[in-house]
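Data block below; observations after.
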Amino acid sequence: METGLLVPLVFALLFGALFLGAHLGLAMSGAAVFGTAMIIGPDAALSLAGISVFESAQSFDLAVIPLFVLMGDFAARSGISSDLYAAFNVWLRRSRAGLAHASISACAAFGAVCGSSLATAATMGRVALPEMRRFGYSDRLATGAIAAGGTIGILIPPSVIMLIYGILTETSIGDLFIAGVVPGLLLTLFFMITVLVVVRINPSSAPQLSDEEEHDTDSAIFGKIWSTVVLFVLVIGGIYAGIFTPTEAAGIGAVGALAIGAAMRRLGLSDILHCLIDTVQTTAMIFLILIGAILFSGFLSLSGTPALLGGWIVGLDLSPTMTVVLIIGIYILLGAFLDTMAMIILSIPIFFPIVSGMGLDPVWFGIIVVISVELALITPPMGINVFVIRGLASDVSLAQVFLGVLPFCGALIALIALVVAVPEIVTVLPMLGR
């Protein structure tokens, strides 16, 4: 079968399977094996698939994923999210919309030990949403701020999405983690500014300043955040200083989170068992998707799709910057009907060879991809973070939550534009560490 017909047919099979409810990893694997069989024959395709699955499962590089997932599970189970929110609440609640700022700041801090947007949104939503609504914040601002704040979880390192991008593109995971720090802090600042703008336009969306006195001392506040500081410095500082590889840092972080939880007497044997089971389930899901992605990437390479698409884009005679802008636009469109994992898995084998051929920094491009994927987390109709927060506030309509996150979409677009215009925002820290 001609490639011009085979590739659309394989994509049609893939999306048809997804539409019918098939698992993403299984759908990609099945479509990839079918497409590969049409090119090199069924026996060779099955043999190649078996080798790919075996090598992926045996890859030492992939060990970083379950270890970081386990660290995040231990951190969440230890109540670190509640401590962070309480600390930022003390620091920021004396300003107008301070509780919303505390929620966003706590999301950013929790992302430093979690690495998952959904986990950050769900965990912080349970902690912060009832408090914000109790103090008189509008449902639109409360749900929007937390849904948007959750997206910071995949930009502040460590990040599961960065791990997958690094594995698929063979880009330094350590450089990706370090590169995400400044954009992550900027996004937190942009979200906090967005809250101020929303409150300025609609003063009724936030309560007046509270007269309630805060009695927590500095030592008490530090007692709520020390665990996060220790884990972040241990993991990211160790990578940046060259003491640990990312895989070693993940192991150190997991053990550190376990030790901290045990020392605080918040992790019993049943909690540890729960974390281990959850990590196995999450890792199995991620590995199944990754194996499917590797198989699908192999099919695309055999079919020559990246070269064809690269030739089409080159034929447009765009500058490298405009090419990246075009790719960002495609990501925004993909976000309308694909989740974040599917976007990364399906697009990177196509887009990465193009940007690599143009000599663009893979770390810089990776951060742009992560920010673009963040936007998809809160835009309709998928907006998975929106659905997570909607599940926690069942009496708030889905339309209200989407309206609540709309201003924060503008903040994400502003950050994308800034990173494209000033690449040094991303590249400065990795360059200093070399």
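Naming scheme: A, B, ... for chains in displayed order of the structure tokens; residues 1 onward per chain; ligands 1 onward as shown.
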Next item on the list: Write out as a PyMOL selection string which residues come within 12 Å of Met285 of chain A when counting only C-alpha atoms, dropping same-chain ones fewer than 3 positions away.
Entry: chain A and resi 23-26+65-66+69+278-282+288-292+341
Can I get the selection written as a short mmCIF file (atom, residue, chain, number, x, y, z; two decimals), in the first residue's frame, with C-alpha atoms?
```
data_model
loop_
_atom_site.label_atom_id
_atom_site.label_comp_id
_atom_site.auth_asym_id
_atom_site.auth_seq_id
_atom_site.Cartn_x
_atom_site.Cartn_y
_atom_site.Cartn_z
CA HIS A 23 -6.52 2.47 25.96
CA LEU A 24 -4.10 4.91 24.32
CA GLY A 25 -1.12 2.57 24.61
CA LEU A 26 -2.97 -0.43 23.19
CA ILE A 65 9.55 7.33 36.05
CA PRO A 66 8.34 4.97 38.83
CA VAL A 69 5.93 8.79 40.83
CA ASP A 278 -0.61 3.33 43.33
CA THR A 279 2.92 3.68 41.93
CA VAL A 280 2.75 0.25 40.28
CA GLN A 281 -0.61 1.10 38.70
CA THR A 282 0.52 4.51 37.48
CA LEU A 288 2.06 0.88 28.30
CA ILE A 289 1.66 4.29 26.67
CA LEU A 290 5.43 4.70 26.19
CA ILE A 291 5.77 1.30 24.54
CA GLY A 292 2.90 2.17 22.23
CA MET A 341 -0.04 12.39 27.24
#
```
Notebook entry, point to check: segment 343-379 of chain A: which residues are alpha helix (DSSP H) by DSSP, as number ranges by chain?
Noted result: A: 343-357, 362-376
Dump of C-alpha atoms for the selected residues, as a tab-separated table (two decimals), in the first residue's frame:
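Saved file out_27.tsv follows:
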```
chain	number	residue	atom	x	y	z
A	343	MET	CA	-0.40	15.00	22.50
A	344	ILE	CA	3.21	14.43	23.55
A	345	ILE	CA	3.33	10.80	22.43
A	346	LEU	CA	1.82	11.38	18.99
A	347	SER	CA	3.42	14.70	18.11
A	348	ILE	CA	7.03	14.52	19.27
A	349	PRO	CA	8.13	11.84	16.74
A	350	ILE	CA	6.84	14.16	14.01
A	351	PHE	CA	7.86	17.60	15.26
A	352	PHE	CA	11.19	16.88	16.93
A	353	PRO	CA	13.08	15.87	13.76
A	354	ILE	CA	11.90	19.11	12.17
A	355	VAL	CA	13.14	21.41	14.94
A	356	SER	CA	16.34	19.37	15.29
A	357	GLY	CA	17.02	19.80	11.59
A	362	PRO	CA	15.92	20.67	22.15
A	363	VAL	CA	15.69	21.81	25.79
A	364	TRP	CA	14.14	25.15	24.78
A	365	PHE	CA	11.70	23.40	22.45
A	366	GLY	CA	10.84	20.90	25.18
A	367	ILE	CA	9.84	23.66	27.59
A	368	ILE	CA	7.71	25.30	24.88
A	369	VAL	CA	5.99	21.96	24.31
A	370	VAL	CA	5.31	21.55	28.03
A	371	ILE	CA	3.82	25.06	28.32
A	372	SER	CA	1.67	24.45	25.22
A	373	VAL	CA	0.44	21.19	26.73
A	374	GLU	CA	-0.34	23.06	29.96
A	375	LEU	CA	-2.68	25.28	27.98
A	376	ALA	CA	-4.52	22.21	26.73
```
Notebook entry, point to check: Any idea what's packed within 9 Å of Val426 of chain A, counting only C-alpha atoms, ignoring anything in its chain fewer than 2 positions away? Could you give it as a PyMOL selection string?
Noted result: chain A and resi 176+178-183+363-364+367+419+422-424+428-430
Can you write just those residues out, N, CA and C atoms, as a compact mmCIF listing (two decimals), in the first residue's frame?
```
# COMPACT_ATOMS: atom_id res chain seq x y z
N LEU A 176 16.41 19.55 31.23
CA LEU A 176 14.98 19.90 31.13
C LEU A 176 14.44 20.34 32.49
N ILE A 178 16.09 21.58 35.09
CA ILE A 178 16.64 22.89 35.48
C ILE A 178 16.04 24.00 34.63
N ALA A 179 15.83 23.73 33.35
CA ALA A 179 15.28 24.74 32.45
C ALA A 179 13.85 25.13 32.82
N GLY A 180 13.12 24.24 33.50
CA GLY A 180 11.73 24.53 33.84
C GLY A 180 11.55 25.42 35.05
N VAL A 181 12.63 25.68 35.80
CA VAL A 181 12.50 26.41 37.06
C VAL A 181 12.06 27.85 36.82
N VAL A 182 12.80 28.59 35.97
CA VAL A 182 12.48 30.01 35.75
C VAL A 182 11.12 30.18 35.09
N PRO A 183 10.80 29.45 34.00
CA PRO A 183 9.44 29.57 33.43
C PRO A 183 8.35 29.20 34.44
N VAL A 363 16.18 21.49 24.44
CA VAL A 363 15.69 21.81 25.79
C VAL A 363 14.69 22.96 25.71
N TRP A 364 15.04 24.00 24.98
CA TRP A 364 14.14 25.15 24.78
C TRP A 364 12.83 24.71 24.14
N ILE A 367 10.58 22.81 26.66
CA ILE A 367 9.84 23.66 27.59
C ILE A 367 8.65 24.32 26.89
N VAL A 419 8.75 33.17 26.19
CA VAL A 419 9.80 32.16 26.04
C VAL A 419 10.28 32.07 24.59
N VAL A 422 12.35 35.36 24.10
CA VAL A 422 13.57 35.44 24.93
C VAL A 422 13.95 34.02 25.35
N PRO A 423 14.61 33.26 24.49
CA PRO A 423 14.97 31.87 24.83
C PRO A 423 15.85 31.75 26.06
N GLU A 424 16.59 32.81 26.40
CA GLU A 424 17.48 32.75 27.55
C GLU A 424 16.74 32.47 28.86
N VAL A 428 19.29 29.74 30.33
CA VAL A 428 20.32 30.32 31.18
C VAL A 428 20.78 29.35 32.28
N LEU A 429 19.87 28.71 32.98
CA LEU A 429 20.26 27.83 34.07
C LEU A 429 20.98 26.56 33.58
N PRO A 430 20.49 25.89 32.52
CA PRO A 430 21.25 24.73 32.02
C PRO A 430 22.66 25.11 31.57
```
Next item on the list: One decimal, Å: what's the distance from atom CA of Cys107 of chain A over to atom CA of Thr120 of chain A, could you say?
Entry: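 Result for atom CA of Cys107 of chain A versus atom CA of Thr120 of chain A: 6.2 Å, one decimal.
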Per-residue nearest contacts of segment 82-108 of chain A to segment 191-211 of chain A (9 Å; only C-alpha atoms) as a tab-separated table:
```
residue	atom	partner	partner_atom	distance
A:Arg93	CA	A:Ser210	CA	7.7
A:Arg94	CA	A:Leu209	CA	6.4
A:Ser95	CA	A:Leu209	CA	6.4
A:Arg96	CA	A:Leu209	CA	5.6
A:Ala97	CA	A:Ala206	CA	5.8
A:Gly98	CA	A:Leu209	CA	8.6
A:Ala100	CA	A:Val195	CA	7.2
A:His101	CA	A:Met192	CA	5.7
A:Ile104	CA	A:Met192	CA	7.2
A:Ser105	CA	A:Met192	CA	8.4
```
Taking only residues of segment 263-336 of chain A that have an atom at most 9 Å from an atom of segment 28-47 of chain A, what is each one's shortest atom pair and its distance in Å to one decimal, using only C-alpha atoms, in chain and number order, as a Markdown table?
```
| residue | atom | partner | partner_atom | distance |
| --- | --- | --- | --- | --- |
| A:Leu288 | CA | A:Ser29 | CA | 9.0 |
| A:Ile289 | CA | A:Met28 | CA | 7.9 |
| A:Ile291 | CA | A:Ser29 | CA | 7.4 |
| A:Gly292 | CA | A:Ser29 | CA | 4.4 |
| A:Ala293 | CA | A:Met28 | CA | 6.6 |
| A:Ile294 | CA | A:Ser29 | CA | 8.5 |
| A:Leu295 | CA | A:Ala32 | CA | 5.8 |
| A:Phe296 | CA | A:Ala32 | CA | 4.7 |
| A:Ser297 | CA | A:Ala32 | CA | 8.1 |
| A:Gly298 | CA | A:Ala32 | CA | 7.8 |
| A:Phe299 | CA | A:Thr36 | CA | 5.4 |
| A:Leu300 | CA | A:Ala32 | CA | 8.3 |
| A:Leu302 | CA | A:Thr36 | CA | 7.5 |
| A:Ser303 | CA | A:Ile39 | CA | 7.7 |
```
Write the residues you've just listed into a file as a PDB file, in the first residue's frame, and include N, CA and C atoms for each of them.
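Resulting contents of selection_20.pdb:
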```pdb
ATOM      1  N   LEU A 288       2.872   1.381  29.408  1.00  0.00           N
ATOM      2  CA  LEU A 288       2.065   0.879  28.301  1.00  0.00           C
ATOM      3  C   LEU A 288       1.938   1.938  27.218  1.00  0.00           C
ATOM      4  N   ILE A 289       1.757   3.194  27.639  1.00  0.00           N
ATOM      5  CA  ILE A 289       1.664   4.287  26.669  1.00  0.00           C
ATOM      6  C   ILE A 289       3.013   4.521  25.990  1.00  0.00           C
ATOM      7  N   ILE A 291       5.483   2.377  25.487  1.00  0.00           N
ATOM      8  CA  ILE A 291       5.773   1.297  24.542  1.00  0.00           C
ATOM      9  C   ILE A 291       4.974   1.495  23.262  1.00  0.00           C
ATOM     10  N   GLY A 292       3.710   1.866  23.415  1.00  0.00           N
ATOM     11  CA  GLY A 292       2.903   2.170  22.233  1.00  0.00           C
ATOM     12  C   GLY A 292       3.493   3.318  21.436  1.00  0.00           C
ATOM     13  N   ALA A 293       3.999   4.328  22.146  1.00  0.00           N
ATOM     14  CA  ALA A 293       4.606   5.480  21.472  1.00  0.00           C
ATOM     15  C   ALA A 293       5.861   5.086  20.712  1.00  0.00           C
ATOM     16  N   ILE A 294       6.680   4.213  21.313  1.00  0.00           N
ATOM     17  CA  ILE A 294       7.903   3.764  20.649  1.00  0.00           C
ATOM     18  C   ILE A 294       7.567   2.979  19.383  1.00  0.00           C
ATOM     19  N   LEU A 295       6.566   2.113  19.471  1.00  0.00           N
ATOM     20  CA  LEU A 295       6.138   1.357  18.291  1.00  0.00           C
ATOM     21  C   LEU A 295       5.578   2.280  17.219  1.00  0.00           C
ATOM     22  N   PHE A 296       4.769   3.248  17.642  1.00  0.00           N
ATOM     23  CA  PHE A 296       4.162   4.162  16.674  1.00  0.00           C
ATOM     24  C   PHE A 296       5.221   5.050  16.041  1.00  0.00           C
ATOM     25  N   SER A 297       6.199   5.480  16.847  1.00  0.00           N
ATOM     26  CA  SER A 297       7.290   6.284  16.316  1.00  0.00           C
ATOM     27  C   SER A 297       8.083   5.502  15.277  1.00  0.00           C
ATOM     28  N   GLY A 298       8.278   4.192  15.555  1.00  0.00           N
ATOM     29  CA  GLY A 298       8.979   3.361  14.584  1.00  0.00           C
ATOM     30  C   GLY A 298       8.225   3.247  13.271  1.00  0.00           C
ATOM     31  N   PHE A 299       6.908   3.114  13.357  1.00  0.00           N
ATOM     32  CA  PHE A 299       6.102   3.069  12.131  1.00  0.00           C
ATOM     33  C   PHE A 299       6.215   4.374  11.349  1.00  0.00           C
ATOM     34  N   LEU A 300       6.130   5.505  12.062  1.00  0.00           N
ATOM     35  CA  LEU A 300       6.223   6.792  11.373  1.00  0.00           C
ATOM     36  C   LEU A 300       7.568   6.944  10.675  1.00  0.00           C
ATOM     37  N   LEU A 302       9.503   4.486   9.540  1.00  0.00           N
ATOM     38  CA  LEU A 302       9.504   3.604   8.374  1.00  0.00           C
ATOM     39  C   LEU A 302       8.700   4.193   7.222  1.00  0.00           C
ATOM     40  N   SER A 303       7.617   4.861   7.555  1.00  0.00           N
ATOM     41  CA  SER A 303       6.752   5.424   6.514  1.00  0.00           C
ATOM     42  C   SER A 303       7.311   6.716   5.923  1.00  0.00           C
TER      43      SER A 303
END
```
Checklist line | Top pick for closest residue to Ser397 of chain A, considering A:Arg140, A:Ser59, A:Val10, A:Ala86 and counting only C-alpha atoms | finding: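 Result for the nearest residue to Ser397 of chain A: A:Arg140.
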Checklist line | Pairwise distance for atom CA of Leu231 of chain A and atom CA of Leu267 of chain A, rounded to one decimal in Å | finding: 16.3 Å
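Going from atom CA of Asn385 of chain A over to atom CA of Ala121 of chain A, you cover 6.6 Å.
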Notebook entry, point to check: If we count only C-alpha atoms, what is near Ala250 of chain A at a cut-off of 6 Å, once residues fewer than 5 positions away on the same chain are taken out, given as an NGL selection string?
Noted result: :A and (64 or 67-68)
Margin query: Excluding Leu163 of chain A and its own-chain neighbours fewer than 2 positions away, which residues fall within 9 Å of it when counting only C-alpha atoms? Please give them as an MDAnalysis selection string.
Written below: chainID A and resid 62 64:65 158:161 165:168 173 176:177
Next item on the list: Counting only C-alpha atoms, figure out which residue out of A:Leu360, A:Gly174, A:Leu316, A:Phe287 gets nearest to Tyr240 of chain A.
Entry: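 Using only C-alpha atoms, Tyr240 of chain A sits closest to A:Gly174.
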Margin query: Please determine, counting only C-alpha atoms, which residue among A:Gly144, A:Gly125, A:Gly184, A:Gly315 has the shortest atom-to-atom distance to Leu392 of chain A.
Written below: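 For Leu392 of chain A, the nearest of the given residues is A:Gly125.
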Note to self: What's around Met358 of chain A at 12 Å? Count only C-alpha atoms, leave out sequence neighbours fewer than 5 positions away in its own chain, and write the answer as a PyMOL selection string.
What the structure shows: chain A and resi 310-311+313-314+318-324+351-353+365
Output file for the residues above (N, CA and C atoms, as a PDB file, in the first residue's frame):
```pdb
ATOM      1  N   GLY A 310       8.376  17.425   7.355  1.00  0.00           N
ATOM      2  CA  GLY A 310       9.460  18.394   7.401  1.00  0.00           C
ATOM      3  C   GLY A 310       9.642  19.075   6.073  1.00  0.00           C
ATOM      4  N   GLY A 311       9.545  18.314   4.981  1.00  0.00           N
ATOM      5  CA  GLY A 311       9.651  18.913   3.654  1.00  0.00           C
ATOM      6  C   GLY A 311       8.533  19.894   3.380  1.00  0.00           C
ATOM      7  N   ILE A 313       6.880  21.678   5.678  1.00  0.00           N
ATOM      8  CA  ILE A 313       7.111  22.882   6.473  1.00  0.00           C
ATOM      9  C   ILE A 313       8.253  23.705   5.886  1.00  0.00           C
ATOM     10  N   VAL A 314       9.316  23.012   5.441  1.00  0.00           N
ATOM     11  CA  VAL A 314      10.423  23.734   4.801  1.00  0.00           C
ATOM     12  C   VAL A 314       9.934  24.435   3.544  1.00  0.00           C
ATOM     13  N   LEU A 318       9.379  29.197   6.103  1.00  0.00           N
ATOM     14  CA  LEU A 318       9.220  29.944   7.345  1.00  0.00           C
ATOM     15  C   LEU A 318      10.553  30.010   8.085  1.00  0.00           C
ATOM     16  N   SER A 319      10.722  31.039   8.880  1.00  0.00           N
ATOM     17  CA  SER A 319      11.894  31.124   9.745  1.00  0.00           C
ATOM     18  C   SER A 319      11.750  30.086  10.857  1.00  0.00           C
ATOM     19  N   PRO A 320      12.849  29.731  11.514  1.00  0.00           N
ATOM     20  CA  PRO A 320      12.737  28.776  12.626  1.00  0.00           C
ATOM     21  C   PRO A 320      11.744  29.221  13.691  1.00  0.00           C
ATOM     22  N   THR A 321      11.733  30.526  13.991  1.00  0.00           N
ATOM     23  CA  THR A 321      10.800  31.027  15.015  1.00  0.00           C
ATOM     24  C   THR A 321       9.363  30.855  14.568  1.00  0.00           C
ATOM     25  N   MET A 322       9.076  31.178  13.327  1.00  0.00           N
ATOM     26  CA  MET A 322       7.702  31.037  12.820  1.00  0.00           C
ATOM     27  C   MET A 322       7.307  29.561  12.708  1.00  0.00           C
ATOM     28  N   THR A 323       8.294  28.706  12.457  1.00  0.00           N
ATOM     29  CA  THR A 323       8.003  27.273  12.440  1.00  0.00           C
ATOM     30  C   THR A 323       7.549  26.815  13.823  1.00  0.00           C
ATOM     31  N   VAL A 324       8.240  27.289  14.864  1.00  0.00           N
ATOM     32  CA  VAL A 324       7.852  26.949  16.231  1.00  0.00           C
ATOM     33  C   VAL A 324       6.473  27.516  16.544  1.00  0.00           C
ATOM     34  N   PHE A 351       7.347  16.238  15.176  1.00  0.00           N
ATOM     35  CA  PHE A 351       7.860  17.603  15.263  1.00  0.00           C
ATOM     36  C   PHE A 351       9.340  17.675  15.615  1.00  0.00           C
ATOM     37  N   PHE A 352       9.816  16.749  16.443  1.00  0.00           N
ATOM     38  CA  PHE A 352      11.194  16.879  16.926  1.00  0.00           C
ATOM     39  C   PHE A 352      12.229  16.800  15.811  1.00  0.00           C
ATOM     40  N   PRO A 353      12.097  15.872  14.856  1.00  0.00           N
ATOM     41  CA  PRO A 353      13.076  15.874  13.760  1.00  0.00           C
ATOM     42  C   PRO A 353      13.098  17.187  12.980  1.00  0.00           C
ATOM     43  N   PHE A 365      12.918  23.885  23.105  1.00  0.00           N
ATOM     44  CA  PHE A 365      11.704  23.404  22.447  1.00  0.00           C
ATOM     45  C   PHE A 365      10.880  22.546  23.391  1.00  0.00           C
TER      46      PHE A 365
END
```
Check: Smallest atom-to-atom distance to Gly410 of chain A: which of A:Leu14, A:Ala241, A:Ile286, A:Ala148, using only C-alpha atoms?
Finding: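 Answer, going by the shortest atom-to-atom distance: A:Ala148.
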Check: So which one's closest to Thr228 of chain A, A:Gly21, A:Gly329, A:Pro306, A:Gly79? Using only C-alpha atoms, please.
Finding: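 Residue with the minimum atom-to-atom distance to Thr228 of chain A: A:Gly79.
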